[in-house]
Amino acid sequence: NLSAKLIMGFASLSVPVALVWIVNGVQPFMIFIIGLILTIWIPHIIEENMTKKVLIQRVFSMCIIFIGIWILFT
């Protein structure tokens, strides 16, 4: 947690804050995609719940996040 806060602080000093928060806002998309890829390639190490209900909930949640980011920066 401390290293994440330090990196976030450094990024905020290096580039415009809006850019840092946009990248931070799309983090769930990256984690979702990485989780799916790793579940498909190495299921014995990482196991992700990939039922239809769970996938719909996650995609819906990410759409809400995306709409929120879009509203903030338009």
# chains A, B, ... in the order shown; residues from 1 in each chain; ligands from 1
>>> residues_around(residues="Asn24 (chain A)", least_positions_apart="2", cutoff="12 Å", atoms="only C-alpha atoms", output="MDAnalysis selection string")
chainID A and resid 4:5 7:8 11:12 17:22 26:31 65:66 69
>>> closest_residue(among="A:Val15, A:Leu36, A:Val23, A:Ile64", to="Met50 (chain A)", atoms="only C-alpha atoms")
A:Leu36
>>> atom_distance(atom1="CA of Ile40 (chain A)", atom2="CA of Leu55 (chain A)")
14.4 Å
>>> atom_distance(atom1="CA of Phe60 (chain A)", atom2="CA of Ile34 (chain A)")
17.6 Å
>>> select_by_dssp(residues="chain A", states="helix (DSSP H, G or I)", output="ChimeraX atom specification")
/A:2-14,17-25,27-41,52-72
